[in-house]
>>> print(open('structure36.cif').read())   # mmCIF, C-alpha atoms (C1' of nucleotides)
data_target
loop_
_atom_site.label_atom_id
_atom_site.label_comp_id
_atom_site.auth_asym_id
_atom_site.auth_seq_id
_atom_site.Cartn_x
_atom_site.Cartn_y
_atom_site.Cartn_z
CA MET A 750 92.96 -56.72 121.50
CA GLU A 751 91.62 -57.88 118.19
CA VAL A 752 89.31 -55.75 116.16
CA LYS A 753 85.81 -57.11 115.89
CA SER A 754 84.07 -57.19 112.54
CA ALA A 755 81.09 -54.98 112.08
CA LEU A 756 77.59 -56.34 111.80
CA ILE A 757 74.88 -53.96 110.74
CA VAL A 758 71.37 -54.81 111.85
CA LEU A 759 68.44 -53.07 110.25
CA VAL A 760 64.96 -53.60 111.65
CA GLY A 761 61.51 -52.11 111.32
CA PRO A 762 57.91 -52.99 110.60
CA THR A 763 56.72 -54.25 107.22
CA ALA A 764 56.51 -51.65 104.54
CA SER A 765 58.87 -49.31 106.34
CA GLY A 766 61.34 -49.46 103.46
CA LYS A 767 64.08 -51.43 105.19
CA SER A 768 64.80 -53.75 102.27
CA GLU A 769 65.36 -50.86 99.94
CA LEU A 770 67.54 -49.06 102.44
CA ALA A 771 69.53 -52.22 103.06
CA LEU A 772 70.13 -52.61 99.38
CA ALA A 773 71.41 -49.07 98.99
CA LEU A 774 73.59 -49.53 102.04
CA ALA A 775 75.00 -52.81 100.77
CA GLN A 776 75.90 -51.24 97.47
CA GLN A 777 77.71 -48.34 99.07
CA LEU A 778 79.53 -50.32 101.72
CA GLY A 779 80.24 -53.45 99.78
CA GLY A 780 77.92 -55.35 102.05
CA GLU A 781 75.85 -58.47 101.77
CA ILE A 782 72.29 -58.76 102.94
CA VAL A 783 71.10 -61.44 105.31
CA SER A 784 67.32 -61.50 105.49
CA ALA A 785 65.73 -62.18 108.87
CA ASP A 786 62.24 -63.01 107.74
CA SER A 787 60.30 -66.08 108.74
CA MET A 788 58.33 -66.24 105.50
CA GLN A 789 60.82 -65.18 102.87
CA VAL A 790 62.64 -68.41 103.61
CA TYR A 791 59.97 -70.22 101.64
CA ARG A 792 60.44 -70.81 97.95
CA GLY A 793 57.54 -69.82 95.77
CA MET A 794 56.16 -67.37 98.29
CA ASP A 795 57.41 -64.32 96.49
CA ILE A 796 54.73 -61.73 95.92
CA GLY A 797 53.05 -62.05 99.29
CA THR A 798 56.29 -61.85 101.24
CA ASN A 799 57.52 -58.98 99.12
CA LYS A 800 60.71 -60.83 98.41
CA PRO A 801 63.46 -58.88 96.64
CA SER A 802 63.24 -59.28 92.88
CA PRO A 803 65.93 -61.04 90.82
CA GLU A 804 67.06 -57.63 89.66
CA GLU A 805 67.45 -56.40 93.24
CA ARG A 806 69.29 -59.54 94.20
CA ARG A 807 71.76 -58.88 91.44
CA ARG A 808 72.57 -55.50 92.89
CA ALA A 809 73.86 -57.07 96.10
CA PRO A 810 74.21 -60.61 97.42
CA HIS A 811 71.20 -61.75 99.43
CA HIS A 812 71.07 -64.57 101.94
CA GLY A 813 68.23 -66.15 103.85
CA LEU A 814 65.80 -66.24 100.96
CA ASP A 815 64.28 -69.36 99.40
CA LEU A 816 65.84 -71.65 101.94
CA VAL A 817 63.20 -74.36 101.93
CA GLU A 818 60.09 -75.62 100.17
CA PRO A 819 56.81 -74.33 101.60
CA GLN A 820 55.94 -77.81 102.78
CA ILE A 821 58.66 -77.60 105.43
CA GLU A 822 58.06 -76.51 109.01
CA PHE A 823 60.77 -73.94 109.36
CA THR A 824 61.91 -72.83 112.82
CA VAL A 825 63.99 -70.15 114.52
CA ALA A 826 66.71 -72.66 115.27
CA MET A 827 67.04 -73.54 111.61
CA TYR A 828 67.22 -69.89 110.81
CA ARG A 829 69.86 -69.16 113.40
CA ARG A 830 72.10 -71.95 112.22
CA TYR A 831 71.82 -70.73 108.67
CA ALA A 832 72.34 -67.07 109.53
CA LEU A 833 75.41 -67.65 111.65
CA GLY A 834 76.91 -69.59 108.78
CA ALA A 835 76.14 -66.83 106.34
CA LEU A 836 77.61 -64.22 108.66
CA SER A 837 80.93 -65.95 108.99
CA ALA A 838 81.13 -66.61 105.28
CA ILE A 839 80.56 -62.95 104.56
CA ARG A 840 83.19 -61.96 107.06
CA ALA A 841 85.61 -64.44 105.52
CA ARG A 842 85.06 -62.67 102.22
CA GLY A 843 85.99 -59.42 103.87
CA ARG A 844 82.57 -57.92 103.33
CA ILE A 845 80.09 -56.35 105.72
CA PRO A 846 77.00 -58.32 106.63
CA ILE A 847 73.74 -56.43 106.93
CA LEU A 848 71.10 -58.33 108.85
CA VAL A 849 67.72 -57.03 107.75
CA GLY A 850 64.29 -58.11 108.73
CA GLY A 851 61.06 -57.75 110.56
CA THR A 852 60.94 -61.04 112.40
CA GLY A 853 61.99 -59.91 115.84
CA LEU A 854 62.59 -63.36 117.19
CA TYR A 855 64.90 -64.23 114.32
CA ILE A 856 66.93 -61.10 114.83
CA ARG A 857 67.17 -61.79 118.50
CA ALA A 858 68.16 -65.40 117.94
CA VAL A 859 71.12 -64.19 115.93
CA VAL A 860 72.13 -61.12 117.89
CA ASP A 861 71.46 -62.34 121.41
CA GLY A 862 71.48 -66.04 120.79
CA LEU A 863 69.13 -68.93 121.31
CA CYS A 864 69.40 -71.23 124.28
CA PRO A 865 70.54 -74.78 123.51
CA ALA A 866 67.38 -76.40 124.88
CA PRO A 867 66.19 -79.48 123.01
CA PRO A 868 64.07 -78.95 119.92
CA ALA A 869 60.34 -79.54 119.70
CA ASP A 870 59.28 -83.08 120.42
CA PRO A 871 55.99 -83.69 118.60
CA ALA A 872 54.97 -86.71 120.65
CA CYS A 873 55.65 -84.99 123.95
CA ARG A 874 53.87 -81.91 122.76
CA GLN A 875 50.85 -83.88 121.70
CA ALA A 876 50.71 -85.59 125.08
CA LEU A 877 50.88 -82.23 126.82
CA ALA A 878 48.14 -80.82 124.64
CA ARG A 879 45.95 -83.76 125.55
CA GLU A 880 46.64 -83.20 129.23
CA ALA A 881 45.80 -79.55 128.84
CA ALA A 882 42.45 -80.45 127.31
CA LEU A 883 41.81 -82.81 130.18
CA ILE A 884 42.87 -80.86 133.24
CA GLY A 885 42.60 -77.31 131.91
CA ALA A 886 45.08 -74.58 131.15
CA ASP A 887 45.38 -73.36 134.72
CA ALA A 888 46.19 -76.81 136.05
CA LEU A 889 48.85 -77.25 133.39
CA HIS A 890 50.33 -73.93 134.33
CA ALA A 891 50.35 -75.05 137.95
CA ARG A 892 52.49 -77.99 136.91
CA LEU A 893 54.88 -75.65 135.23
CA ARG A 894 55.09 -73.72 138.48
CA GLN A 895 56.38 -76.88 140.08
CA ALA A 896 58.84 -77.75 137.34
CA ASP A 897 60.04 -74.30 136.42
CA PRO A 898 58.81 -71.50 138.65
CA VAL A 899 60.91 -68.91 136.87
CA THR A 900 59.31 -69.54 133.50
CA ALA A 901 55.87 -70.00 135.03
CA ALA A 902 56.12 -66.55 136.52
CA ARG A 903 56.59 -64.92 133.15
CA VAL A 904 54.24 -67.01 131.06
CA HIS A 905 50.54 -66.34 131.28
CA PRO A 906 48.49 -69.47 132.07
CA HIS A 907 46.46 -68.99 128.90
CA ASP A 908 49.52 -68.87 126.73
CA ALA A 909 49.22 -72.58 126.05
CA ARG A 910 51.93 -72.61 123.45
CA ARG A 911 54.59 -71.38 125.84
CA VAL A 912 53.37 -73.35 128.83
CA ILE A 913 53.57 -76.50 126.74
CA ARG A 914 56.97 -75.71 125.33
CA ALA A 915 58.37 -75.05 128.80
CA LEU A 916 56.98 -78.32 130.11
CA GLU A 917 58.20 -80.10 127.02
CA VAL A 918 61.75 -78.91 127.59
CA TYR A 919 61.57 -80.01 131.19
CA ARG A 920 60.25 -83.47 130.36
CA VAL A 921 62.63 -84.08 127.53
CA SER A 922 65.77 -82.75 129.15
CA GLY A 923 65.05 -82.89 132.84
CA ARG A 924 66.10 -79.27 133.13
CA PRO A 925 63.84 -76.24 133.33
CA LEU A 926 63.77 -73.96 130.33
CA SER A 927 64.90 -71.09 132.52
CA ALA A 928 68.12 -72.99 133.25
CA TRP A 929 68.74 -73.48 129.55
CA HIS A 930 68.23 -69.80 129.05
CA GLN A 931 71.33 -69.06 131.05
CA GLN A 932 73.44 -70.73 128.45
CA THR A 933 72.34 -68.34 125.75
CA GLU A 934 75.18 -66.74 123.88
CA GLY A 935 74.91 -63.78 121.61
CA LEU A 936 77.20 -62.28 119.05
CA ALA A 937 78.30 -59.29 121.04
CA GLY A 938 81.58 -60.93 121.98
CA ALA A 939 82.69 -61.57 118.44
CA TRP A 940 81.05 -58.79 116.48
CA GLU A 941 80.70 -55.06 116.67
CA ILE A 942 76.93 -54.90 116.35
CA ARG A 943 75.26 -51.73 115.20
CA GLN A 944 71.49 -51.67 115.10
CA VAL A 945 69.32 -49.23 113.24
CA GLY A 946 65.55 -49.19 113.10
CA LEU A 947 63.02 -47.54 110.87
CA LEU A 948 60.22 -46.05 112.88
CA PRO A 949 57.48 -44.70 110.64
CA PRO A 950 54.50 -42.81 112.04
CA ARG A 951 51.58 -45.19 112.30
CA GLU A 952 49.29 -43.30 109.98
CA ALA A 953 51.80 -43.22 107.15
CA LEU A 954 52.68 -46.85 107.72
CA ASP A 955 49.06 -47.95 107.58
CA ALA A 956 48.57 -46.12 104.32
CA ARG A 957 51.67 -47.72 102.85
CA ILE A 958 50.54 -51.16 103.91
CA ASN A 959 47.13 -50.75 102.32
CA ALA A 960 48.70 -49.61 99.09
CA ARG A 961 51.27 -52.37 99.15
CA VAL A 962 48.62 -55.06 99.52
CA ARG A 963 46.72 -53.64 96.57
CA GLY A 964 49.96 -53.73 94.63
CA MET A 965 50.55 -57.36 95.53
CA VAL A 966 47.12 -58.32 94.29
CA ALA A 967 47.77 -56.45 91.06
CA ALA A 968 51.08 -58.28 90.76
CA GLY A 969 49.38 -61.65 90.91
CA LEU A 970 49.24 -62.60 94.56
CA VAL A 971 45.95 -64.46 94.14
CA GLU A 972 47.38 -66.70 91.43
CA GLU A 973 50.52 -67.35 93.42
CA ALA A 974 48.45 -68.27 96.44
CA ARG A 975 46.20 -70.53 94.40
CA ALA A 976 49.16 -72.57 93.22
CA LEU A 977 50.48 -72.93 96.76
CA HIS A 978 47.06 -73.85 97.99
CA ALA A 979 46.80 -76.58 95.39
CA ALA A 980 50.27 -77.89 96.22
CA GLY A 981 49.69 -77.76 99.96
CA VAL A 982 52.02 -76.01 102.39
CA SER A 983 53.28 -76.58 105.92
CA ARG A 984 51.40 -75.26 108.90
CA THR A 985 54.07 -72.63 109.39
CA ALA A 986 53.99 -71.42 105.81
CA ALA A 987 50.20 -71.43 105.89
CA GLN A 988 50.34 -68.72 108.54
CA ALA A 989 51.84 -66.20 106.19
CA LEU A 990 49.82 -63.05 105.86
CA GLY A 991 48.15 -62.77 102.52
CA TYR A 992 48.25 -66.47 101.80
CA LYS A 993 46.31 -67.36 104.91
CA GLU A 994 43.42 -65.09 104.02
CA LEU A 995 43.37 -66.16 100.39
CA PHE A 996 43.41 -69.84 101.28
CA ALA A 997 40.31 -69.24 103.36
CA ALA A 998 38.72 -67.50 100.39
CA PHE A 999 39.52 -70.46 98.12
CA GLU A 1000 37.86 -72.68 100.68
CA GLY A 1001 34.74 -70.57 100.56
CA ARG A 1002 34.98 -68.96 103.95
CA TRP A 1003 34.63 -65.51 102.48
CA GLY A 1004 34.86 -63.61 99.24
CA MET A 1005 37.83 -62.06 97.52
CA ASP A 1006 37.09 -58.50 98.62
CA GLU A 1007 36.81 -59.64 102.21
CA ALA A 1008 40.07 -61.55 101.92
CA ILE A 1009 41.90 -58.51 100.65
CA ALA A 1010 40.45 -56.24 103.30
CA ARG A 1011 41.57 -58.75 105.90
CA ILE A 1012 45.07 -58.95 104.52
CA GLN A 1013 45.38 -55.21 104.86
CA ARG A 1014 44.01 -55.20 108.36
CA GLU A 1015 46.06 -58.14 109.58
CA THR A 1016 49.19 -56.67 108.09
CA ARG A 1017 48.55 -53.40 109.89
CA ARG A 1018 48.20 -55.33 113.12
CA TYR A 1019 51.33 -57.27 112.41
CA ALA A 1020 53.22 -54.04 111.92
CA ARG A 1021 51.94 -52.86 115.27
CA ARG A 1022 53.28 -55.98 116.97
CA GLN A 1023 56.62 -55.52 115.25
CA LEU A 1024 56.81 -51.97 116.53
CA THR A 1025 56.17 -52.98 120.11
CA TRP A 1026 58.80 -55.69 119.78
CA PHE A 1027 61.58 -53.49 118.43
CA ARG A 1028 60.74 -50.20 120.08
CA ARG A 1029 61.78 -51.23 123.55
CA ASP A 1030 65.26 -52.31 122.46
CA ALA A 1031 67.48 -49.50 123.68
CA ARG A 1032 70.36 -50.59 121.45
CA ILE A 1033 68.53 -49.58 118.31
CA ALA A 1034 69.10 -46.14 116.83
CA TRP A 1035 65.87 -44.93 115.27
CA LEU A 1036 65.28 -43.20 112.00
CA THR A 1037 62.13 -41.85 110.46
CA PRO A 1038 61.62 -43.28 106.97
CA VAL A 1039 61.40 -41.02 103.96
CA GLU A 1040 59.92 -41.46 100.49
CA ALA A 1041 63.14 -42.76 98.98
CA PRO A 1042 64.84 -44.95 101.58
CA ARG A 1043 68.23 -44.63 99.89
CA ASP A 1044 68.26 -40.99 100.92
CA LEU A 1045 68.76 -42.23 104.44
CA VAL A 1046 72.06 -43.87 103.67
CA PRO A 1047 74.25 -40.91 104.71
CA GLN A 1048 72.30 -40.62 107.93
CA VAL A 1049 72.74 -44.30 108.65
CA ARG A 1050 76.43 -44.12 107.90
CA SER A 1051 77.06 -41.24 110.22
CA LEU A 1052 74.94 -42.94 112.83
CA LEU A 1053 76.92 -46.13 112.52
CA ASP A 1054 80.18 -44.41 111.88
CA CYS A 1055 80.99 -46.42 108.80
"C1'" G B 488 -2.47 -48.12 102.12
"C1'" G B 489 -2.54 -52.63 105.61
"C1'" G B 490 0.16 -56.49 108.56
"C1'" C B 491 4.45 -58.32 110.97
"C1'" A B 492 9.50 -57.93 112.77
"C1'" G B 493 12.92 -54.40 114.22
"C1'" G B 494 15.80 -49.69 115.67
"C1'" U B 495 21.14 -50.87 121.88
"C1'" U B 496 27.56 -48.27 123.40
"C1'" C B 497 32.86 -47.95 116.73
"C1'" C B 498 30.39 -52.61 114.18
"C1'" A B 499 27.58 -57.16 114.83
"C1'" G B 500 24.54 -58.70 118.61
"C1'" A B 501 22.52 -60.07 123.85
"C1'" G B 502 19.60 -57.77 127.51
"C1'" C B 503 13.15 -57.28 128.06
"C1'" G B 504 11.37 -53.12 135.29
"C1'" G B 505 16.16 -52.34 139.81
"C1'" C B 506 22.08 -56.63 140.29
"C1'" C B 507 23.21 -52.12 133.15
"C1'" A B 508 27.97 -47.77 131.17
"C1'" A B 509 24.94 -52.48 129.44
"C1'" A B 510 26.87 -60.06 128.10
"C1'" U B 511 29.57 -62.04 123.90
"C1'" G B 512 32.24 -61.57 119.37
"C1'" G B 513 34.64 -58.24 115.94
"C1'" G B 514 37.36 -53.77 115.35
"C1'" G B 515 40.47 -49.88 117.78
"C1'" C B 516 44.30 -48.79 121.36
"C1'" G B 517 48.35 -50.49 124.64
"C1'" G B 518 51.57 -54.44 126.09
"C1'" C B 519 54.08 -59.41 126.22
"C1'" C B 520 57.25 -62.61 123.44
"C1'" U B 521 63.88 -67.93 123.28
"C1'" G B 522 62.45 -74.04 118.56
"C1'" U B 523 54.62 -72.57 114.99
"C1'" A B 524 56.89 -66.06 115.64
"C1'" A B 525 53.55 -62.78 109.18
"C1'" A B 526 52.29 -67.28 115.00
"C1'" G B 527 50.57 -67.11 120.02
"C1'" C B 528 49.12 -64.51 124.53
"C1'" C B 529 47.46 -60.47 128.03
"C1'" G B 530 45.13 -55.78 129.21
"C1'" U B 531 41.91 -51.90 127.81
"C1'" U B 532 37.79 -49.73 125.05
"C1'" G B 533 31.41 -43.25 126.90
"C1'" G B 534 33.21 -38.57 129.51
"C1'" C B 535 35.10 -36.23 134.02
"C1'" U B 536 37.44 -37.38 138.45
"C1'" C B 537 40.58 -41.60 137.08
"C1'" A B 538 39.36 -42.97 144.98
"C1'" C B 539 34.30 -42.62 146.42
"C1'" G B 540 31.50 -40.39 142.99
"C1'" C B 541 29.26 -37.44 139.19
"C1'" C B 542 27.59 -36.60 134.22
"C1'" U B 543 26.00 -38.25 129.25
"C1'" A B 544 24.04 -42.80 126.91
"C1'" C B 545 20.04 -47.91 124.58
"C1'" A B 546 15.91 -43.80 117.33
"C1'" G B 547 12.72 -39.08 119.00
"C1'" A B 548 8.92 -36.94 122.15
"C1'" G B 549 5.64 -37.76 125.98
"C1'" G B 550 3.68 -41.08 129.88
"C1'" U B 551 3.33 -45.20 133.84
"C1'" U B 552 6.53 -46.36 138.14
"C1'" C B 553 10.00 -45.25 144.22
"C1'" G B 554 12.95 -46.90 139.78
"C1'" A B 555 12.86 -47.98 132.44
"C1'" A B 556 17.35 -49.95 127.38
"C1'" U B 557 13.41 -52.95 129.34
"C1'" C B 558 5.97 -51.27 130.17
"C1'" C B 559 2.25 -47.70 127.45
"C1'" U B 560 1.16 -43.73 123.54
"C1'" C B 561 2.41 -41.04 119.34
"C1'" U B 562 6.29 -39.74 115.67
"C1'" C B 563 10.48 -40.92 112.53
"C1'" C B 564 13.37 -44.67 110.21
"C1'" U B 565 14.68 -50.14 108.45
"C1'" G B 566 13.43 -55.12 106.67
"C1'" C B 567 9.83 -58.67 105.15
"C1'" C B 568 4.80 -59.87 103.68
"C1'" C B 569 -0.09 -58.45 101.69
"C1'" A B 570 -2.33 -54.80 98.60
#
>>> encode(input="structure36.cif", output="structure tokens")
Amino acid sequence: MEVKSALIVLVGPTASGKSELALALAQQLGGEIVSADSMQVYRGMDIGTNKPSPEERRRAPHHGLDLVEPQIEFTVAMYRRYALGALSAIRARGRIPILVGGTGLYIRAVVDGLCPAPPADPACRQALAREAALIGADALHARLRQADPVTAARVHPHDARRVIRALEVYRVSGRPLSAWHQQTEGLAGAWEIRQVGLLPPREALDARINARVRGMVAAGLVEEARALHAAGVSRTAAQALGYKELFAAFEGRWGMDEAIARIQRETRRYARRQLTWFRRDARIAWLTPVEAPRDLVPQVRSLLDC
RNA sequence: GGGCAGGUUCCAGAGCGGCCAAAUGGGGCGGCCUGUAAAGCCGUUGGCUCACGCCUACAGAGGUUCGAAUCCUCUCCUGCCCA
């Protein structure tokens, strides 16, 4: 029986201190960090995504950052392909990969896999959107019930995005999405996966988020956003918290103070969604963050037995 | 000092005699999530029982009425206009 290589996974909501903890861990274990963050993949989006600084990146190798220009529509599948490559390269070097991030779907795509269903088909999607507008969301969902009852049962009729994707997969491939799902393969067979999560109390987390946003503004977030706004970014990149609200301010939808208040609020909400995503995963061992995340390293090591 | 428009549940804002614990939106809280995921979607949001029901609520105090957030009177606030 061969010995599997270890993969450390570190998750948690924004501002929980996971990047800092990951860095300390990487330094002590001789690890390399693989970021699982849907927005840090974009070049030039640095302040608003709280990307590790050049100095921090020198302290340990980082992967998954600055993968594409902000004009690109990045997707989970692109991320997964990249991350799997990075993981094997790190293993080949004899080092320990530490997968760190707050994008639950990205983590899942790596750890538990992503089904091999066909990618998005813009034309098909557009056609489906038109149909939805014509016959209504409930009728579209009824069609999904015909094509793929399993998926229809778990997707709410109003969740247009998922109803359309499921129908899209069926039309393009002739197979229901739920059938594709069965071909999903995770990493558990090849890696010894150890997951740790940072679970801060809400009140403390909210306070940290508010302070962090103020810090970003002080660090030049508005200027960074203005440049991106002028250059134009993809729809996906334009969804990034911080940028989204500032873009609207540049377009006159509201003032700067309002934009900043919204960034704080939306980030708090985002953190809440992250918590509900990760919290139910029984494989994650939870830790309560402390002021200096590196102080948690011994705890993590004993928890992970490494 | 006079005139007009207003004061509604956390906020904004409908309601203008019973169908109102009160539309709708926002916010809060909870949840979902496989190719847009920092996105999208769902539920819930006075209290007690959490089943029927009961209690407390629509600035305050009176009044009209079988019945008032809704009508009348006075008081207190807010905005605008005229002095």
>>> atom_distance(input="structure36.cif", atom1="atom CA of A:Leu990", atom2="atom CA of A:Thr1016")
6.8 Å
>>> resolve_selection(input="structure36.cif", expression="the PyMOL selection byres ((chain B) within 7 of (chain A))", output="PyMOL selection string")
chain B and resi 521-528
>>> atom_distance(input="structure36.cif", atom1="atom CA of A:Arg806", atom2="atom CA of A:Leu1036")
24.5 Å
>>> residues_around(input="structure36.cif", residues="B:U495", least_positions_apart="3", cutoff="12 Å", atoms="only C-alpha atoms (C1' of nucleotides)", output="VMD selection string")
chain B and resid 499 to 503 507 to 509 544 to 546 556 to 557
>>> atom_distance(input="structure36.cif", atom1="atom C1' of B:U531", atom2="atom C1' of B:G517")
7.3 Å
>>> closest_residue(input="structure36.cif", among="A:Val921, A:Ala953, A:Leu770, A:Ala1008", to="A:Leu970", atoms="all atoms listed in the file")
A:Ala1008
>>> resolve_selection(input="structure36.cif", expression="the PyMOL selection byres ((chain A and resi 811) around 10)", output="PDB file with C-alpha atoms, keeping the file's coordinate frame")
ATOM      1  CA  LEU A 772      70.130 -52.610  99.380  1.00  0.00           C
ATOM      2  CA  ALA A 775      75.000 -52.810 100.770  1.00  0.00           C
ATOM      3  CA  GLY A 780      77.920 -55.350 102.050  1.00  0.00           C
ATOM      4  CA  GLU A 781      75.850 -58.470 101.770  1.00  0.00           C
ATOM      5  CA  ILE A 782      72.290 -58.760 102.940  1.00  0.00           C
ATOM      6  CA  VAL A 783      71.100 -61.440 105.310  1.00  0.00           C
ATOM      7  CA  SER A 784      67.320 -61.500 105.490  1.00  0.00           C
ATOM      8  CA  PRO A 801      63.460 -58.880  96.640  1.00  0.00           C
ATOM      9  CA  GLU A 805      67.450 -56.400  93.240  1.00  0.00           C
ATOM     10  CA  ARG A 806      69.290 -59.540  94.200  1.00  0.00           C
ATOM     11  CA  ARG A 807      71.760 -58.880  91.440  1.00  0.00           C
ATOM     12  CA  ARG A 808      72.570 -55.500  92.890  1.00  0.00           C
ATOM     13  CA  ALA A 809      73.860 -57.070  96.100  1.00  0.00           C
ATOM     14  CA  PRO A 810      74.210 -60.610  97.420  1.00  0.00           C
ATOM     15  CA  HIS A 812      71.070 -64.570 101.940  1.00  0.00           C
ATOM     16  CA  GLY A 813      68.230 -66.150 103.850  1.00  0.00           C
ATOM     17  CA  LEU A 814      65.800 -66.240 100.960  1.00  0.00           C
ATOM     18  CA  ALA A 835      76.140 -66.830 106.340  1.00  0.00           C
ATOM     19  CA  PRO A 846      77.000 -58.320 106.630  1.00  0.00           C
ATOM     20  CA  ILE A 847      73.740 -56.430 106.930  1.00  0.00           C
TER      21      ILE A 847
END
>>> residues_around(input="structure36.cif", residues="B:G530", least_positions_apart="4", cutoff="12 Å", atoms="all atoms listed in the file", output="JSON, numbers by chain")
{"B": [516, 517, 518, 519]}
>>> resolve_selection(input="structure36.cif", expression="the PyMOL selection byres ((chain B and resi 489) around 12)", output="list of chain:residue names")
B:G488, B:G490, B:C491, B:C568, B:C569, B:A570
>>> closest_residue(input="structure36.cif", among="A:Ala997, A:Val849, A:Ala915, A:Ala1010", to="A:Val962", atoms="all atoms listed in the file")
A:Ala1010
>>> residues_around(input="structure36.cif", residues="A:Val982", least_positions_apart="3", cutoff="8 Å", atoms="all atoms listed in the file", output="JSON, numbers by chain")
{"A": [819, 820, 821, 977, 978, 986, 987]}
>>> write_last_selection(input="structure36.cif", atoms="C-alpha atoms", output="PDB file, in the frame of the given file")
ATOM      1  CA  PRO A 819      56.810 -74.330 101.600  1.00  0.00           C
ATOM      2  CA  GLN A 820      55.940 -77.810 102.780  1.00  0.00           C
ATOM      3  CA  ILE A 821      58.660 -77.600 105.430  1.00  0.00           C
ATOM      4  CA  LEU A 977      50.480 -72.930  96.760  1.00  0.00           C
ATOM      5  CA  HIS A 978      47.060 -73.850  97.990  1.00  0.00           C
ATOM      6  CA  ALA A 986      53.990 -71.420 105.810  1.00  0.00           C
ATOM      7  CA  ALA A 987      50.200 -71.430 105.890  1.00  0.00           C
TER       8      ALA A 987
END
>>> residues_around(input="structure36.cif", residues="B:C542", least_positions_apart="3", cutoff="12 Å", atoms="all atoms listed in the file", output="list of chain:residue names")
B:A508, B:G533, B:G534, B:C535, B:U536
>>> axis_aligned_box(input="structure36.cif", around="stretch 503-519 of chain B", padding_each_side="8 Å", output="JSON")
{"center_x": 32.7, "center_y": -54.9, "center_z": 127.8, "size_x": 58.7, "size_y": 30.3, "size_z": 40.9}
>>> closest_residue(input="structure36.cif", among="A:Ile913, A:Val860, A:Ala832, A:Cys1055", to="A:Trp940", atoms="all atoms listed in the file")
A:Val860
